[in-house]
Structures are given as C-alpha cells and as structure tokens.
Amino acid sequence: GLKWDEFIGFLGSQMGILSPLVFGGMVWTLVKGIKRVWRKGPWPETLLMSISLPMIVFFTLAATVTWVKINWLIPAYPPLLLLMTAYFQQGILIRKGAETLKGLFWSTAALFFILLHLAPFLPQIPLSGSADTLTGWRELAAHLEKIQKSPGVLNRPFVFAWGHKTASELQFYLPGQPETYTQTVLGKKALAYDYWFDPRPLQGRDALFVWSELDPFPDEGSGVLERFFEKVQPLE
C-alpha cells in the first residue's frame with residue numbers, strides 16, 4: 001500500500017536541503033513552467049522542464065511506496081534552478097513590486113547555505129536523521145586505532161561496518177587509510193562493496209564491527225555474527 005510516512009519524510013528532506021523558500025519557489029516554478037510549456041512557451045523553458053520534470057514526477061511517485069534517498073533528486077534541480085532564476089528576474093515567479101518577499105527569499109536561502117557549510121565545524125548546530133553524521137568520524141577512527149593497538153591484540157583486526165557510508169568514512173579517517181569492509185563480511189548486500197569484496201585475506205583474522213544508532217545492526221542477537229566468528233565480544 002501507500003506509505004505516507006515515507007512520502008512526508010521525502011518532502012521534508014527535500015525541503016531541508018533546499019530551504020523551505022527555495023523548495024516552495026521550485027514547486028511554484030514547476031507550476032508556472034508546466035503552464036507556459038503547455039502554451040508553447042520558449043524552447044529553452046521546454047528543454048529545462050523536459051530534463052527536470054520526469055525525474056521529479058518519478059521519484060515523487062516512488063516516494064509513496066518506498067524510501068527515496070535525499071540525494072536522488074539532485075540531478076533534477078540545476079535545470080529547475082536556472083528556470084526559477086529566469087522567472088525571478090523576469091518577474092514571472094514573484095511580482096516585481098514584492099521587494100519584502102524577495103528579501104525574505106534570499107535571506108532564508110543565505111541562512112541555510114551558511115548553516116549547512118558551518119555544520120561540519122560546529123557540532124552544536126542541530127541536525128536530524130542521516131544528516132547528523134557530518135562530525136565525529138575522526139574521533140571514532142581514533143578510538144578504533146586505540147583498540148587495534150591495545151595490549152593483548154596480536155594481529156591487527158580489520159574493520160568492517162554496517163553500512164557503506166560508515167565503512168567509507170572510517171577508511172578515510174583511519175591512519176594509513178587501510179581497506180575497510182561492510183556487511184558483505186556477513187554475506188549481506190552493500191552496493192558497490194559487493195563487487196570488490198574478497199573474503200580470502202580475512203579468513204582467520206579478528207575484526208572490529210561498527211554500527212550506529214542511526215544505522216543500527218538489524219541482526220543483533222540473531223547469532224549471525226557467531227556463524228562467521230568463533231567469539232563475539234561487545235566493546236565500547
């Protein structure tokens with residue numbers, strides 16, 4: 001059936017990355033653009049709409065039945081942004097006399113632009129969902145490095161994570177950027193990691209398995225780890 005919670009989350013995520021006013025401006029641009037193209041508007045408008053509209057319609061409909069990632073619609077935005085800018089300058093999007101609304105539009109866009117670029121450096125900026133993973137990777141990598149070098153660890157354990165993002169971030173921040181792995185170690189799918197994973201060098205080795213509350217390990221307590229490792233011990 002229809003998943004309205006996924007659809008609402010989809011709209012909220014798109015509004016979050018664009019800012020509410022830019023999101024609203026793009027929606028209004030779509031409405032204006034469809035009307036103008038239907039009335040045989042200039043060919044540049046038709047070209048830009050033909051690039052953006054199919055992707056927007058497809059992913060919007062898909063969001064009613066499945067989860068659509070926040071970045072999947074990004075290729076549809078540049079043509080629509082060009083069209084929105086042209087409509088804005090020509091007074092089609094907003095009447096030329098609405099100076100207050102124009103100021104609010106640009107100030108809100110500037111505020112969100114500044115906040116998003118400051119977020120990696122200021123953890124105090126509140127974020128939610130998967131966006132709240134911009135900081136902390138360096139500290140996590142340092143903690144794993146400390147465990148790998150702790151007394152009693154004879155062979156350096158390899159690192160694998162639940163989720164390709166976590167694995168990629170850890171490989172970048174771990175000293176020497178060693179190869180990291182994903183849930184492919186447990187026989188699970190992990191996008192591109194499926195194609196470059198070779199289990200042979202890992203056989204007989206200890207491992208550090210990492211997951212987070214934002215991307216939790218769904219098989220915790222099911223015994224799946226014990227099928228691949230002789231001993232499983234939780235660490236902090």
# chains A, B, ... in the order shown; residues from 1 in each chain; ligands from 1

call {"tool": "residues_around", "arguments": {"residues": "Ile34 in chain A", "least_positions_apart": "5", "cutoff": "10 Å", "atoms": "only C-alpha atoms", "output": "mmCIF file with C-alpha atoms, in the first residue's frame"}}
result
data_model
loop_
_atom_site.group_PDB
_atom_site.id
_atom_site.type_symbol
_atom_site.label_atom_id
_atom_site.label_comp_id
_atom_site.auth_asym_id
_atom_site.auth_seq_id
_atom_site.Cartn_x
_atom_site.Cartn_y
_atom_site.Cartn_z
ATOM 1 C CA TRP A 28 5.891 27.281 -7.967
ATOM 2 C CA THR A 29 8.378 27.252 -10.858
ATOM 3 C CA ARG A 39 1.018 27.049 -24.081
ATOM 4 C CA LYS A 40 4.054 26.536 -26.319
ATOM 5 C CA GLY A 41 6.473 28.704 -24.400
ATOM 6 C CA GLU A 45 11.911 26.568 -20.986
ATOM 7 C CA THR A 46 10.692 23.398 -22.668
ATOM 8 C CA MET A 49 11.384 21.347 -17.969
ATOM 9 C CA SER A 50 11.901 18.177 -20.031
ATOM 10 C CA LEU A 53 10.046 17.183 -14.683
#

call {"tool": "residues_around", "arguments": {"residues": "range 193-201 of chain A", "least_positions_apart": "2", "cutoff": "8 Å", "atoms": "only C-alpha atoms", "output": "list in words"}}
result
His164, Tyr181, Thr182, Thr184, Val185, Lys189, Ala190, Leu191 and Gln203 of chain A

call {"tool": "closest_atom_pairs", "arguments": {"of": "range 6-94 of chain A", "to": "range 102-111 of chain A", "cutoff": "7 Å", "atoms": "only C-alpha atoms", "output": "CSV"}}
result
residue,atom,partner,partner_atom,distance
A:Ser19,CA,A:Ala109,CA,6.2
A:Leu21,CA,A:Phe105,CA,5.9
A:Val22,CA,A:Ala109,CA,6.7

call {"tool": "atom_distance", "arguments": {"atom1": "CA of Ala167 in chain A", "atom2": "CA of Ala141 in chain A"}}
result
10.6 Å

call {"tool": "residues_around", "arguments": {"residues": "Asn155 in chain A", "least_positions_apart": "3", "cutoff": "10 Å", "atoms": "only C-alpha atoms", "output": "short mmCIF file (atom, residue, chain, number, x, y, z; two decimals) with N, CA and C atoms, in the first residue's frame"}}
result
data_model
loop_
_atom_site.label_atom_id
_atom_site.label_comp_id
_atom_site.auth_asym_id
_atom_site.auth_seq_id
_atom_site.Cartn_x
_atom_site.Cartn_y
_atom_site.Cartn_z
N GLN A 148 42.90 -1.23 18.24
CA GLN A 148 43.77 -2.08 17.43
C GLN A 148 45.18 -2.17 18.00
N LYS A 149 45.62 -1.12 18.68
CA LYS A 149 46.98 -1.10 19.24
C LYS A 149 47.03 -1.44 20.72
N GLY A 152 47.69 -6.97 24.16
CA GLY A 152 46.98 -8.24 24.04
C GLY A 152 46.43 -8.51 22.67
N PHE A 158 40.91 -6.30 11.34
CA PHE A 158 40.37 -5.48 10.26
C PHE A 158 39.05 -4.86 10.72
N ARG A 205 41.14 -14.06 10.72
CA ARG A 205 41.55 -12.81 11.36
C ARG A 205 40.47 -12.29 12.31
N ASP A 206 40.92 -11.55 13.32
CA ASP A 206 39.98 -10.85 14.20
C ASP A 206 39.43 -9.61 13.49
N ALA A 207 38.32 -9.12 13.99
CA ALA A 207 37.69 -7.97 13.35
C ALA A 207 37.06 -7.05 14.38
#

call {"tool": "decode", "arguments": {"residues": "range 136-166 of chain A", "atoms": "N, CA, C and O atoms", "output": "short mmCIF file (atom, residue, chain, number, x, y, z; two decimals), in the first residue's frame"}}
result
data_model
loop_
_atom_site.label_atom_id
_atom_site.label_comp_id
_atom_site.auth_asym_id
_atom_site.auth_seq_id
_atom_site.Cartn_x
_atom_site.Cartn_y
_atom_site.Cartn_z
N GLY A 136 32.41 13.66 13.94
CA GLY A 136 32.64 12.53 14.83
C GLY A 136 33.42 11.38 14.22
O GLY A 136 33.85 10.47 14.94
N TRP A 137 33.63 11.43 12.91
CA TRP A 137 34.34 10.31 12.27
C TRP A 137 35.80 10.25 12.70
O TRP A 137 36.35 9.16 12.87
N ARG A 138 36.43 11.39 12.83
CA ARG A 138 37.83 11.42 13.23
C ARG A 138 38.00 10.81 14.63
O ARG A 138 38.92 10.03 14.88
N GLU A 139 37.07 11.14 15.53
CA GLU A 139 37.13 10.62 16.89
C GLU A 139 36.87 9.11 16.91
O GLU A 139 37.51 8.36 17.65
N LEU A 140 35.91 8.67 16.09
CA LEU A 140 35.62 7.23 16.03
C LEU A 140 36.82 6.46 15.49
O LEU A 140 37.19 5.40 16.01
N ALA A 141 37.45 6.99 14.45
CA ALA A 141 38.63 6.33 13.88
C ALA A 141 39.77 6.27 14.90
O ALA A 141 40.47 5.25 15.00
N ALA A 142 39.95 7.33 15.67
CA ALA A 142 40.99 7.34 16.70
C ALA A 142 40.71 6.28 17.77
O ALA A 142 41.63 5.62 18.28
N HIS A 143 39.44 6.12 18.11
CA HIS A 143 39.06 5.11 19.11
C HIS A 143 39.34 3.71 18.59
O HIS A 143 39.87 2.85 19.31
N LEU A 144 39.02 3.46 17.33
CA LEU A 144 39.30 2.14 16.74
C LEU A 144 40.79 1.87 16.65
O LEU A 144 41.26 0.76 16.90
N GLU A 145 41.55 2.90 16.32
CA GLU A 145 43.00 2.77 16.24
C GLU A 145 43.57 2.43 17.61
O GLU A 145 44.50 1.60 17.74
N LYS A 146 43.02 3.03 18.64
CA LYS A 146 43.46 2.74 20.01
C LYS A 146 43.19 1.29 20.37
O LYS A 146 44.02 0.61 21.00
N ILE A 147 42.02 0.77 19.98
CA ILE A 147 41.68 -0.62 20.26
C ILE A 147 42.62 -1.55 19.50
O ILE A 147 43.09 -2.56 20.03
N GLN A 148 42.90 -1.23 18.24
CA GLN A 148 43.77 -2.08 17.43
C GLN A 148 45.18 -2.17 18.00
O GLN A 148 45.85 -3.18 17.84
N LYS A 149 45.62 -1.12 18.68
CA LYS A 149 46.98 -1.10 19.24
C LYS A 149 47.03 -1.44 20.72
O LYS A 149 48.09 -1.36 21.34
N SER A 150 45.90 -1.81 21.29
CA SER A 150 45.86 -2.09 22.73
C SER A 150 46.65 -3.35 23.06
O SER A 150 46.80 -4.25 22.22
N PRO A 151 47.17 -3.45 24.28
CA PRO A 151 47.94 -4.64 24.69
C PRO A 151 47.08 -5.90 24.60
O PRO A 151 45.88 -5.89 24.90
N GLY A 152 47.69 -6.97 24.16
CA GLY A 152 46.98 -8.24 24.04
C GLY A 152 46.43 -8.51 22.67
O GLY A 152 46.00 -9.63 22.37
N VAL A 153 46.45 -7.49 21.81
CA VAL A 153 45.99 -7.67 20.43
C VAL A 153 47.20 -8.04 19.59
O VAL A 153 48.08 -7.22 19.31
N LEU A 154 47.27 -9.32 19.20
CA LEU A 154 48.45 -9.81 18.49
C LEU A 154 48.42 -9.43 17.02
O LEU A 154 49.38 -8.89 16.48
N ASN A 155 47.31 -9.71 16.36
CA ASN A 155 47.18 -9.39 14.94
C ASN A 155 46.18 -8.24 14.80
O ASN A 155 45.09 -8.28 15.36
N ARG A 156 46.58 -7.24 14.05
CA ARG A 156 45.74 -6.05 13.89
C ARG A 156 44.38 -6.44 13.30
O ARG A 156 44.32 -6.92 12.17
N PRO A 157 43.28 -6.24 14.03
CA PRO A 157 41.96 -6.61 13.50
C PRO A 157 41.57 -5.72 12.31
O PRO A 157 41.88 -4.53 12.29
N PHE A 158 40.91 -6.30 11.34
CA PHE A 158 40.37 -5.48 10.26
C PHE A 158 39.05 -4.86 10.72
O PHE A 158 38.42 -5.32 11.67
N VAL A 159 38.63 -3.81 10.06
CA VAL A 159 37.44 -3.07 10.43
C VAL A 159 36.36 -3.28 9.38
O VAL A 159 36.61 -3.13 8.18
N PHE A 160 35.18 -3.64 9.83
CA PHE A 160 34.04 -3.64 8.93
C PHE A 160 32.84 -3.04 9.63
O PHE A 160 32.76 -3.01 10.86
N ALA A 161 31.93 -2.49 8.85
CA ALA A 161 30.83 -1.70 9.40
C ALA A 161 29.52 -2.10 8.77
O ALA A 161 29.47 -2.65 7.67
N TRP A 162 28.45 -1.82 9.50
CA TRP A 162 27.12 -1.99 8.93
C TRP A 162 26.76 -0.68 8.21
O TRP A 162 26.49 0.33 8.83
N GLY A 163 26.81 -0.71 6.90
CA GLY A 163 26.54 0.48 6.11
C GLY A 163 27.76 0.96 5.36
O GLY A 163 28.84 1.09 5.92
N HIS A 164 27.57 1.21 4.06
CA HIS A 164 28.71 1.60 3.23
C HIS A 164 29.24 2.98 3.60
O HIS A 164 30.43 3.25 3.44
N LYS A 165 28.38 3.86 4.10
CA LYS A 165 28.86 5.20 4.47
C LYS A 165 29.83 5.12 5.64
O LYS A 165 30.89 5.74 5.61
N THR A 166 29.46 4.34 6.65
CA THR A 166 30.34 4.20 7.82
C THR A 166 31.68 3.61 7.42
O THR A 166 32.74 4.09 7.85
#
